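Chemist: File follows, protein_13.txt with compact mmCIF, C-alpha atoms and all ligand atoms:
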# COMPACT_ATOMS: atom_id res chain seq x y z
CA MET A 1 110.30 -63.88 -6.19
CA ARG A 2 108.35 -61.93 -8.83
CA PRO A 3 106.31 -58.72 -8.40
CA GLN A 4 102.71 -59.31 -7.36
CA ILE A 5 99.75 -56.97 -7.72
CA TYR A 6 96.59 -56.78 -5.65
CA VAL A 7 93.89 -54.48 -7.02
CA LEU A 8 92.41 -52.70 -3.99
CA SER A 9 90.04 -50.42 -5.83
CA ARG A 10 88.74 -50.08 -9.35
CA PRO A 11 86.95 -47.26 -11.19
CA SER A 12 83.18 -47.18 -11.03
CA PHE A 13 80.36 -45.13 -12.55
CA THR A 14 77.02 -44.80 -10.79
CA ASP A 15 73.57 -44.31 -12.32
CA ASP A 16 73.38 -40.75 -10.99
CA PHE A 17 74.40 -39.45 -14.43
CA ALA A 18 70.85 -40.34 -15.55
CA ARG A 19 69.34 -38.03 -12.92
CA PHE A 20 71.49 -35.20 -14.30
CA LEU A 21 70.45 -35.93 -17.89
CA ARG A 22 66.77 -35.96 -16.86
CA SER A 23 67.20 -32.61 -15.13
CA GLU A 24 68.59 -31.22 -18.41
CA GLN A 25 66.03 -33.06 -20.56
CA GLN A 26 68.97 -34.65 -22.35
CA SER A 27 69.68 -38.15 -23.59
CA TRP A 28 72.89 -40.07 -24.18
CA VAL A 29 73.20 -42.99 -26.57
CA GLN A 30 75.88 -45.26 -25.13
CA THR A 31 77.95 -47.79 -27.03
CA GLN A 32 79.75 -50.85 -25.68
CA SER A 33 81.94 -49.67 -22.81
CA THR A 34 82.94 -50.39 -19.23
CA PRO A 35 82.01 -48.19 -16.25
CA ALA A 36 85.47 -46.56 -16.37
CA GLU A 37 85.08 -45.80 -20.05
CA LYS A 38 81.55 -44.47 -19.58
CA LEU A 39 82.81 -42.11 -16.87
CA ILE A 40 85.48 -40.73 -19.20
CA GLU A 41 83.04 -40.30 -22.07
CA PHE A 42 80.47 -38.65 -19.82
CA ALA A 43 83.08 -36.22 -18.43
CA GLY A 44 84.23 -35.41 -21.96
CA ARG A 45 80.66 -34.83 -23.13
CA ILE A 46 80.00 -32.47 -20.22
CA CYS A 47 82.70 -30.16 -21.62
CA TYR A 48 80.56 -29.51 -24.69
CA MET A 49 77.15 -30.74 -23.45
CA SER A 50 77.28 -33.07 -26.45
CA PHE A 51 74.21 -35.06 -25.52
CA GLY A 52 70.94 -35.60 -27.40
CA GLN A 53 71.01 -33.88 -30.77
CA ASN A 54 74.59 -32.72 -30.14
CA GLN A 55 75.90 -36.26 -29.79
CA SER A 56 78.10 -37.42 -32.68
CA SER A 57 78.06 -41.01 -33.90
CA LYS A 58 81.42 -41.89 -32.34
CA THR A 59 81.64 -45.12 -30.39
CA ASN A 60 83.10 -45.00 -26.89
CA LEU A 61 86.41 -46.35 -28.24
CA GLU A 62 86.53 -43.67 -30.94
CA TYR A 63 85.54 -41.01 -28.42
CA ILE A 64 88.34 -41.92 -26.01
CA LEU A 65 91.00 -42.29 -28.69
CA ASN A 66 89.95 -38.90 -30.03
CA LEU A 67 90.39 -37.35 -26.58
CA ILE A 68 93.91 -38.82 -26.48
CA THR A 69 94.74 -37.72 -30.03
CA GLN A 70 93.51 -34.19 -29.31
CA GLY A 71 95.59 -34.00 -26.12
CA HIS A 72 92.41 -33.61 -24.06
CA GLU A 73 93.83 -36.15 -21.61
CA SER A 74 92.81 -34.49 -18.36
CA VAL A 75 89.48 -36.24 -18.89
CA LEU A 76 91.29 -39.56 -18.31
CA GLU A 77 92.23 -38.41 -14.81
CA HIS A 78 88.70 -39.14 -13.50
CA VAL A 79 89.44 -42.86 -13.62
CA CYS A 80 91.66 -44.25 -10.83
CA TRP A 81 92.90 -47.54 -9.46
CA THR A 82 94.59 -48.45 -6.19
CA PHE A 83 97.10 -51.30 -6.24
CA LEU A 84 99.22 -53.03 -3.66
CA LEU A 85 102.56 -54.07 -5.14
CA THR A 86 104.60 -56.71 -3.30
CA GLY A 87 107.59 -58.83 -4.23
CA ILE A 88 109.44 -55.76 -5.48
CA THR A 89 112.86 -54.50 -4.47
CA ARG A 90 113.31 -51.22 -2.69
CA ALA A 91 115.02 -49.97 -5.83
CA LEU A 92 111.78 -50.03 -7.78
CA PRO A 93 109.80 -47.46 -5.75
CA HIS A 94 112.79 -45.10 -5.97
CA GLN A 95 111.93 -44.88 -9.66
CA LEU A 96 108.15 -45.13 -9.26
CA VAL A 97 107.84 -42.25 -6.81
CA ARG A 98 109.58 -39.94 -9.27
CA HIS A 99 106.19 -39.80 -10.99
CA ARG A 100 104.32 -36.86 -9.51
CA PRO A 101 100.94 -35.80 -10.89
CA GLY A 102 98.24 -38.46 -10.68
CA PHE A 103 100.00 -40.79 -8.25
CA ALA A 104 99.76 -41.38 -4.49
CA PHE A 105 102.06 -43.76 -2.61
CA SER A 106 102.12 -45.50 0.79
CA GLN A 107 105.23 -47.63 1.27
CA LEU A 108 106.35 -49.99 4.01
CA SER A 109 108.48 -48.06 6.50
CA GLN A 110 111.90 -49.39 7.45
CA GLN A 111 111.83 -47.12 10.50
CA TYR A 112 108.70 -48.69 11.99
CA HIS A 113 108.92 -52.18 10.52
CA ASP A 114 111.49 -54.64 11.85
CA GLU A 115 113.47 -55.89 8.85
CA THR A 116 115.24 -58.71 10.71
CA ALA A 117 113.36 -61.26 8.61
CA ALA A 118 113.36 -59.21 5.40
CA THR A 119 113.30 -60.99 2.09
CA PHE A 120 115.94 -60.08 -0.45
CA ILE A 121 115.14 -60.36 -4.13
CA ALA A 122 117.92 -61.42 -6.48
CA PRO A 123 118.02 -59.75 -9.90
CA GLU A 124 116.70 -62.20 -12.47
CA SER A 125 119.78 -61.62 -14.60
CA LEU A 126 121.86 -63.38 -11.92
CA GLU A 127 119.88 -66.60 -12.32
CA THR A 128 122.14 -67.57 -15.20
CA ALA A 129 125.36 -66.28 -13.60
CA PRO A 130 126.17 -68.62 -10.69
CA GLN A 131 129.35 -66.86 -9.56
CA ALA A 132 127.70 -63.45 -9.62
CA LEU A 133 124.73 -64.91 -7.72
CA ALA A 134 127.09 -66.38 -5.12
CA ALA A 135 128.70 -62.95 -4.62
CA TRP A 136 125.23 -61.41 -4.33
CA THR A 137 124.13 -64.02 -1.77
CA GLU A 138 127.26 -63.52 0.31
CA SER A 139 126.72 -59.77 0.34
CA ILE A 140 123.05 -60.17 1.31
CA GLU A 141 123.85 -62.51 4.19
CA SER A 142 126.47 -60.08 5.42
CA ALA A 143 123.94 -57.22 5.32
CA ARG A 144 121.38 -59.33 7.19
CA ARG A 145 123.92 -60.21 9.90
CA ALA A 146 124.96 -56.57 10.23
CA TYR A 147 121.33 -55.44 10.52
CA GLN A 148 120.65 -57.97 13.27
CA LEU A 149 123.85 -57.11 15.09
CA ILE A 150 123.19 -53.36 15.00
CA VAL A 151 119.64 -53.85 16.35
CA SER A 152 120.71 -56.22 19.13
CA GLN A 153 123.73 -54.11 20.17
CA MET A 154 121.72 -50.91 20.35
CA LEU A 155 118.78 -52.59 22.08
CA ALA A 156 121.23 -53.87 24.69
CA LYS A 157 121.70 -50.23 25.71
CA GLY A 158 118.19 -50.43 27.11
CA ASN A 159 115.96 -47.76 25.57
CA ALA A 160 113.16 -49.34 23.50
CA SER A 161 110.75 -46.40 23.35
CA LYS A 162 109.01 -45.76 20.04
CA GLU A 163 111.49 -43.05 19.05
CA ALA A 164 114.46 -45.09 20.27
CA MET A 165 113.30 -47.98 18.08
CA ARG A 166 112.95 -45.61 15.15
CA SER A 167 116.51 -44.46 15.74
CA ILE A 168 117.80 -48.04 16.06
CA ARG A 169 116.05 -49.19 12.90
CA SER A 170 117.24 -46.09 11.05
CA ALA A 171 120.80 -47.01 11.90
CA ALA A 172 120.29 -50.68 11.09
CA ARG A 173 118.49 -50.12 7.79
CA SER A 174 121.43 -48.13 6.48
CA VAL A 175 123.17 -51.44 5.75
CA LEU A 176 120.22 -52.94 3.87
CA PRO A 177 120.61 -53.16 0.10
CA ASN A 178 118.33 -52.13 -2.75
CA ALA A 179 117.44 -55.82 -3.03
CA THR A 180 115.34 -55.66 0.15
CA GLU A 181 111.73 -56.55 -0.58
CA THR A 182 109.17 -53.80 -0.03
CA LYS A 183 105.44 -53.29 -0.36
CA ILE A 184 103.75 -50.17 -1.67
CA VAL A 185 100.17 -49.07 -2.20
CA VAL A 186 99.88 -47.03 -5.38
CA THR A 187 96.88 -45.01 -6.45
CA ALA A 188 97.05 -43.76 -10.00
CA ASN A 189 94.76 -42.30 -12.59
CA ALA A 190 94.54 -43.51 -16.17
CA ARG A 191 96.50 -40.60 -17.60
CA ALA A 192 99.35 -41.14 -15.14
CA ILE A 193 99.40 -44.88 -15.85
CA ARG A 194 99.58 -44.21 -19.59
CA HIS A 195 102.55 -41.92 -18.97
CA LEU A 196 104.21 -44.60 -16.83
CA PHE A 197 103.79 -47.14 -19.64
CA ASN A 198 105.18 -44.64 -22.15
CA VAL A 199 108.38 -43.93 -20.28
CA ARG A 200 108.93 -47.14 -18.29
CA GLY A 201 107.03 -49.97 -19.97
CA SER A 202 109.67 -51.24 -22.35
CA ILE A 203 113.13 -50.26 -21.11
CA GLU A 204 115.08 -53.36 -22.06
CA GLY A 205 117.58 -53.22 -19.22
CA ASP A 206 114.96 -52.65 -16.50
CA LEU A 207 113.24 -56.02 -16.23
CA GLU A 208 111.72 -55.45 -12.79
CA MET A 209 110.01 -52.25 -13.96
CA ARG A 210 108.86 -53.98 -17.14
CA ARG A 211 107.33 -56.74 -15.02
CA VAL A 212 105.59 -54.18 -12.80
CA CYS A 213 104.26 -52.29 -15.82
CA SER A 214 103.03 -55.55 -17.31
CA ILE A 215 101.09 -56.57 -14.19
CA ILE A 216 99.60 -53.06 -13.92
CA TYR A 217 98.65 -53.37 -17.60
CA GLY A 218 97.01 -56.71 -16.83
CA ALA A 219 95.06 -55.11 -13.99
CA VAL A 220 93.79 -52.00 -15.79
CA VAL A 221 93.03 -53.30 -19.27
CA PRO A 222 89.98 -55.38 -18.29
CA ASP A 223 88.49 -52.28 -16.63
CA ALA A 224 89.27 -49.87 -19.45
CA PRO A 225 90.42 -51.56 -22.66
CA HIS A 226 89.59 -48.47 -24.75
CA VAL A 227 91.80 -46.24 -22.58
CA PHE A 228 94.81 -48.47 -23.20
CA ALA A 229 93.90 -49.56 -26.74
CA ASP A 230 97.03 -47.91 -28.12
CA PHE A 231 99.30 -50.02 -25.88
CA LYS A 232 100.01 -53.71 -26.10
CA LEU A 233 101.75 -56.35 -24.05
CA THR A 234 104.60 -57.99 -25.93
CA ALA A 235 107.32 -60.47 -25.03
CA ASN A 236 111.04 -60.24 -25.70
CA ALA A 237 112.95 -63.19 -27.13
CA ASP A 238 113.62 -64.32 -23.54
CA GLU A 239 109.82 -64.20 -22.91
CA THR A 240 110.05 -61.27 -20.49
CA PRO A 241 107.24 -58.73 -20.89
CA ASN A 242 107.07 -55.21 -22.35
CA VAL A 243 104.24 -52.73 -22.40
CA VAL A 244 104.67 -50.85 -25.65
CA LYS A 245 102.90 -47.99 -27.38
CA MET A 246 101.57 -49.05 -30.78
C1 LIG A 301 115.16 -44.19 -18.85
C2 LIG A 301 115.07 -43.27 -17.66
C3 LIG A 301 116.22 -42.88 -17.02
C4 LIG A 301 116.16 -42.01 -15.93
N1 LIG A 301 117.30 -41.67 -15.30
C5 LIG A 301 117.27 -40.85 -14.25
C6 LIG A 301 118.46 -40.48 -13.55
O1 LIG A 301 119.55 -40.93 -13.88
N2 LIG A 301 118.37 -39.65 -12.50
C7 LIG A 301 117.17 -39.12 -12.11
O2 LIG A 301 117.14 -38.34 -11.17
N3 LIG A 301 116.01 -39.46 -12.73
C8 LIG A 301 116.04 -40.30 -13.78
N4 LIG A 301 114.87 -40.64 -14.40
C9 LIG A 301 113.61 -40.10 -13.89
C10 LIG A 301 113.04 -39.02 -14.82
O3 LIG A 301 113.92 -37.92 -14.92
C11 LIG A 301 111.71 -38.52 -14.27
O4 LIG A 301 111.90 -37.90 -13.01
C12 LIG A 301 110.70 -39.64 -14.08
O5 LIG A 301 110.74 -40.56 -15.14
C13 LIG A 301 109.32 -39.04 -14.00
O6 LIG A 301 109.02 -38.55 -15.28
P1 LIG A 301 108.08 -37.32 -15.54
O7 LIG A 301 108.58 -36.12 -14.84
O8 LIG A 301 107.83 -37.24 -17.02
O9 LIG A 301 106.73 -37.91 -14.89
P2 LIG A 301 105.63 -37.36 -13.94
O10 LIG A 301 106.17 -36.79 -12.68
O11 LIG A 301 104.71 -38.53 -13.84
O12 LIG A 301 104.98 -36.19 -14.73
C14 LIG A 301 104.16 -36.43 -15.86
C15 LIG A 301 104.24 -35.25 -16.78
O13 LIG A 301 103.68 -34.12 -16.11
C16 LIG A 301 104.41 -32.96 -16.45
N5 LIG A 301 105.03 -32.42 -15.24
C17 LIG A 301 105.15 -33.06 -14.03
N6 LIG A 301 105.71 -32.25 -13.13
C18 LIG A 301 105.99 -31.11 -13.77
C19 LIG A 301 106.61 -29.91 -13.37
N7 LIG A 301 107.06 -29.72 -12.13
N8 LIG A 301 106.73 -28.93 -14.28
C20 LIG A 301 106.29 -29.09 -15.53
N9 LIG A 301 105.69 -30.21 -16.00
C21 LIG A 301 105.54 -31.21 -15.12
C22 LIG A 301 105.45 -33.38 -17.47
O14 LIG A 301 104.90 -33.24 -18.76
C23 LIG A 301 105.65 -34.82 -17.16
O15 LIG A 301 106.17 -35.59 -18.24
C24 LIG A 301 114.91 -41.51 -15.48
C25 LIG A 301 113.75 -41.92 -16.15
C26 LIG A 301 113.81 -42.78 -17.20
C27 LIG A 301 112.52 -43.22 -17.87
Translate this file's structure into C-alpha cells.
Ligand SMILES: Cc1cc2nc3c(=O)[nH]c(=O)nc-3n(C[C@H](O)[C@H](O)[C@H](O)COP(=O)(O)OP(=O)(O)OC[C@H]3O[C@@H](n4cnc5c(N)ncnc54)[C@H](O)[C@@H]3O)c2cc1C

Modeler:
Amino acid sequence: MRPQIYVLSRPSFTDDFARFLRSEQQSWVQTQSTPAEKLIEFAGRICYMSFGQNQSSKTNLEYILNLITQGHESVLEHVCWTFLLTGITRALPHQLVRHRPGFAFSQLSQQYHDETAATFIAPESLETAPQALAAWTESIESARRAYQLIVSQMLAKGNASKEAMRSIRSAARSVLPNATETKIVVTANARAIRHLFNVRGSIEGDLEMRRVCSIIYGAVVPDAPHVFADFKLTANADETPNVVKM
C-alpha cells in the first residue's frame, strides 16, 4: 500500500479584487498566473499599493520569487489547500503534526474507530528482505490477535456505553504498531508546505515521508507552479521520489 492523496480544497481568487481597484481608480496589469498566484501577487501589491503607475514590470513568477528571496513569505500564507492522506502509517502523522504554524489536522481516532479490521503497512524496505518481512508479518498478526482479544474480553464484561467503548479501544489500541494505517485531513498554506518540503522532502532514510511530500508536490504545483518554482521532484537511483530545493 502506498500513500494516496485526495485534494479536498484548492486556492481560489474571485473577481472582487476588480471592485476594489475600481473604488481606488487603480489598474493592475496581470501576467500569466493561476488564481493562487494572482491572490499572492495581489496581497503583496496591497502592501505597497503598487498598482497603476506604481506597478513594476515584474511578471507574476518574478514577483513571487522576489517575495521569497526578500523573506516576505507571510504573503504566501493566503493560499491554502486541504488534503486527505490515506495509505499512510500512524508513524507518519507523528512527524507531520510536529509542524505548527500554517497547518491544521484531523486524524482518524483509534478511540472511536474500531481497528479490528485495520490495515497494516509494511515498510517498503522489507520488500527485499524476506526474513525481516516474515518477522514483521508475525508481529503484526500477533498485535491484531491481541487487539481482538482485548476488545472481546472487555466487551464480555457487559458495558458498551460510548465511554466504555472509548476505554476498551484505548486499552486495545495500545498493542497496535506504528504500521497501522491511518487517514488524516491536512490543511496547509503555501509557506508551510514549502517549509515541509525544505525539511522533510528529501531525507533519504524516510521513504514514506518522501512519498507523501512528492504527492503533495504533485497536488500543489499545478495550482501554483510559481510558488514552488524553486523546488523540483527528483528520483533516487531506486526510482523513489524526492522533493528538493534547487
Ligand atoms: C531530520 C529530522 C529529525 C528530527 N528528529 C526529531 C527527534 O528526534 N525528536 C523530535 O522530537 N523531533 C524531531 N524532529 C522534529 C523537529 O524538531 C521539528 O519539531 C519539526 O521538524 C517541525 O519543524 P519546525 O519547528 O521547523 O516547523 P514548524 O512547526 O512547521 O514551524 C515552521 C517555522 O516557524 C517557526 N516557529 C514555529 N514555532 C515556533 C516557536 N514556537 N518559536 C519560534 N519559532 C517558531 C520556526 O522558524 C520554524 O522553523 C526532526 C525533524 C527532522 C526534519

Chemist: If you take all atoms listed in the file and a cut-off of 12 Å, which residues of chain A touch ligand LIG 301 (chain A), and what are their nearest atom pairs and distances in Å to one decimal, in chain and number order, as JSON lines?

Modeler:
{"residue": "A:Gly71", "atom": "CA", "partner": "A:LIG301", "partner_atom": "O14", "distance": 11.9}
{"residue": "A:Glu73", "atom": "CA", "partner": "A:LIG301", "partner_atom": "O13", "distance": 11.5}
{"residue": "A:Ser74", "atom": "CA", "partner": "A:LIG301", "partner_atom": "O13", "distance": 11.1}
{"residue": "A:Leu92", "atom": "CA", "partner": "A:LIG301", "partner_atom": "C9", "distance": 11.8}
{"residue": "A:Pro93", "atom": "CA", "partner": "A:LIG301", "partner_atom": "C12", "distance": 11.5}
{"residue": "A:His94", "atom": "CA", "partner": "A:LIG301", "partner_atom": "N3", "distance": 9.4}
{"residue": "A:Gln95", "atom": "CA", "partner": "A:LIG301", "partner_atom": "C9", "distance": 6.6}
{"residue": "A:Leu96", "atom": "CA", "partner": "A:LIG301", "partner_atom": "C12", "distance": 7.7}
{"residue": "A:Val97", "atom": "CA", "partner": "A:LIG301", "partner_atom": "C13", "distance": 8.0}
{"residue": "A:Arg98", "atom": "CA", "partner": "A:LIG301", "partner_atom": "C13", "distance": 4.8}
{"residue": "A:His99", "atom": "CA", "partner": "A:LIG301", "partner_atom": "O10", "distance": 3.5}
{"residue": "A:Arg100", "atom": "CA", "partner": "A:LIG301", "partner_atom": "O10", "distance": 3.7}
{"residue": "A:Pro101", "atom": "CA", "partner": "A:LIG301", "partner_atom": "O11", "distance": 5.5}
{"residue": "A:Gly102", "atom": "CA", "partner": "A:LIG301", "partner_atom": "O11", "distance": 7.2}
{"residue": "A:Phe103", "atom": "CA", "partner": "A:LIG301", "partner_atom": "O11", "distance": 7.7}
{"residue": "A:Ala104", "atom": "CA", "partner": "A:LIG301", "partner_atom": "O11", "distance": 11.0}
{"residue": "A:Ala188", "atom": "CA", "partner": "A:LIG301", "partner_atom": "O11", "distance": 10.0}
{"residue": "A:Asn189", "atom": "CA", "partner": "A:LIG301", "partner_atom": "O11", "distance": 10.7}
{"residue": "A:Ala190", "atom": "CA", "partner": "A:LIG301", "partner_atom": "O11", "distance": 11.6}
{"residue": "A:Arg191", "atom": "CA", "partner": "A:LIG301", "partner_atom": "C14", "distance": 8.9}
{"residue": "A:Ala192", "atom": "CA", "partner": "A:LIG301", "partner_atom": "O11", "distance": 6.1}
{"residue": "A:Ile193", "atom": "CA", "partner": "A:LIG301", "partner_atom": "O11", "distance": 8.5}
{"residue": "A:Arg194", "atom": "CA", "partner": "A:LIG301", "partner_atom": "O11", "distance": 9.6}
{"residue": "A:His195", "atom": "CA", "partner": "A:LIG301", "partner_atom": "C14", "distance": 6.5}
{"residue": "A:Leu196", "atom": "CA", "partner": "A:LIG301", "partner_atom": "O11", "distance": 6.8}
{"residue": "A:Phe197", "atom": "CA", "partner": "A:LIG301", "partner_atom": "C27", "distance": 9.7}
{"residue": "A:Asn198", "atom": "CA", "partner": "A:LIG301", "partner_atom": "C27", "distance": 8.6}
{"residue": "A:Val199", "atom": "CA", "partner": "A:LIG301", "partner_atom": "C27", "distance": 4.8}
{"residue": "A:Arg200", "atom": "CA", "partner": "A:LIG301", "partner_atom": "C27", "distance": 5.3}
{"residue": "A:Gly201", "atom": "CA", "partner": "A:LIG301", "partner_atom": "C27", "distance": 9.0}
{"residue": "A:Ser202", "atom": "CA", "partner": "A:LIG301", "partner_atom": "C1", "distance": 9.6}
{"residue": "A:Ile203", "atom": "CA", "partner": "A:LIG301", "partner_atom": "C1", "distance": 6.8}
{"residue": "A:Glu204", "atom": "CA", "partner": "A:LIG301", "partner_atom": "C1", "distance": 9.7}
{"residue": "A:Gly205", "atom": "CA", "partner": "A:LIG301", "partner_atom": "C1", "distance": 9.4}
{"residue": "A:Asp206", "atom": "CA", "partner": "A:LIG301", "partner_atom": "C1", "distance": 8.8}
{"residue": "A:Met209", "atom": "CA", "partner": "A:LIG301", "partner_atom": "C27", "distance": 10.2}
{"residue": "A:Arg210", "atom": "CA", "partner": "A:LIG301", "partner_atom": "C27", "distance": 11.4}

Chemist: Skip region 57-66 of chain A itself and residues of its chain fewer than 5 positions away, then list as a ChimeraX atom specification all residues within 10 Å of it, counting all atoms listed in the file.

Modeler: /A:29-34,37-38,40-42,44-45,71-73,75-76,224-230

Chemist: Could you please give me, as a count of residues only, the residues of protein, DNA or RNA lying at most 12 Å from (93.6, -57.2, -15.0) in the coordinate frame of the file, considering all atoms listed in the file?

Modeler: 21

Chemist: Check the smallest atom-to-atom distance from each of A:Glu208, A:Glu163, A:Glu127, A:Asp15 to Ile88 (chain A) using all atoms listed in the file, then report the winner.

Modeler: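 Counting all atoms listed in the file, the residue closest to Ile88 (chain A) is A:Glu208.
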
Chemist: To one decimal place in Å, what is the distance between CA of Met154 (chain A) and CA of Ile168 (chain A)?

Modeler: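 Separation of CA of Met154 (chain A) and CA of Ile168 (chain A): 6.5 Å.
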
Chemist: Would you list the contacts of Phe13 (chain A) as a list of chain:residue names, taking every protein, DNA or RNA residue within 8 Å and counting only C-alpha atoms, but skipping same-chain residues closer than 3 positions in sequence?

Modeler: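 Here the answer would be A:Pro35, A:Ala36, A:Lys38, A:Leu39.
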